[in-house]
Every structure is written in C-alpha cells, then in structure tokens.
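Asker: The structure's right below; bear with me while I get my questions together.
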Amino acid sequence: MKKYIGTKEIMAEPMNECIAVEKGFARPNTDNHEWRSGYHVQYINPDGSTYDSWSPKDVFEKAYQVSDTFLDRMYMELRELEDKLDKLNRFFDSETFNNLPIFETSLLHAQCQVMRSYYYILAARISVAEGKSISLNK
C-alpha cells in the first residue's frame, strides 16, 4: 500500500464523550473506560449533506488545526515550514546526504536558504498582522 495525506475542512466544537454518546456521535462506552474530553466533528459531504461524529481530544488535536482566520492559516503555514526546515537540517547531518552528488547537495542548500527567507517573511507578515512593529535592520 502507498501512504496518502488527506486534507479535509471540517467544523468542530469541544464536547465530552458522555454528551457525544447521548447525541449519537460516539459509540457507547461498553468497556467502562473513563469518559474523555473531545470534539464534536461535522464533515460536509460533496452533496452538501453533513456527517457528525466525535473524536477524542488528543486524536483531534493531532489531526486538525484552527483555520478560522487568515492569521490562523499563516501560523499553520509557519509551523509546517518550520517542521520542513527542521527535517531538512537533520537530513544535512545524515550519511545519505553525504553520499549525494555535489550538484544535489548544492540544490538542497539553496532550497534551505530560500525556505529560511520564506520563513522570515511569513513571520514578519504575522507580526504586522498582529500590529507588532518589525525591524528590517540586522
């Protein structure tokens, strides 16, 4: 099997498991586990109908990030970029990287520089959007 990454826009609100079971969004607690915090999740199907379910808090928060505002989306993009930069920097220390042809290592270093520039520009845009002053001087 191949690995896939899906992206889905959903609506959600905090809801404990007990209420989710009462509303039919979660399965009954047949193993008598401790009631958990979580989220009522609503998916919108392609035909416009909705599907409601419930997700435990930890599972939900690993899979979804708030994207209500442009600032939320910029923060999400900044976190994703930071993660990619961290992975690239770790790759630079690997044996695999050390065995690449010089042209490929040069391209990866150039990519890293551009990604860092993008990171700083995005961070500056977030600061401006939050009304903070930024300095362009080093």
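Labeling convention for the structure tokens: chains A, B, ... as they appear, residues from 1 per chain, ligands from 1 in order of appearance.
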Could you pull out the residues in chain A that DSSP calls helix (DSSP H, G or I) from the backbone, as a PyMOL selection string?

Answerer: chain A and resi 17-23+57-63+70-92+95-98+102-129

Asker: Can you pull out the residues contacting region 22-26 of chain A? Cut-off 8 Å, using only C-alpha atoms, and skip same-chain residues under 4 positions away; I want them as a PyMOL selection string.

Answerer: chain A and resi 17-18+40+52-55

Asker: Do a neighbour search on Glu13 (chain A) at 12 Å with only C-alpha atoms, toss out local chain neighbours closer than 3 positions, and write the hits as a list in words.

Answerer: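 Within the cut-off, the hits are Ile10, Asn16, Ala20, Ser37, Gly38, Tyr39, His40, Val41, Gln42, Asp52, Ser53, Trp54, Ser55, Pro56, Lys57, Phe60, Glu61, Tyr64 and Val66 of chain A.
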
Asker: Can you pull out every residue within 12 Å of Asp68 (chain A), counting only C-alpha atoms, but drop anything in the same chain fewer than 5 positions away, and send it as a list of chain:residue names?

Answerer: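 Contacts, with the query itself left out: A:Glu9, A:Ile10, A:Met11, A:Ala12, A:Arg73, A:Met74, A:Tyr75, A:Met76.
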
Asker: Between A:Asp31, A:Asp58, A:Asp47, A:Asp72, single out the one closest to Ile126 (chain A), counting only C-alpha atoms.

Answerer: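 Among the listed residues, the smallest separation from Ile126 (chain A) belongs to A:Asp72.
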
Asker: Looking only at strand (DSSP E) from DSSP on the backbone, list the matching residues of chain A as a list of chain:residue names.

Answerer: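 These are the residues in question: A:Ile10, A:Met11, A:Ala12, A:Glu13, A:Pro14, A:Gly38, A:Tyr39, A:His40, A:Val41, A:Gln42, A:Tyr43, A:Ile44, A:Thr50, A:Tyr51, A:Asp52, A:Ser53, A:Trp54, A:Ser55, A:Pro56.
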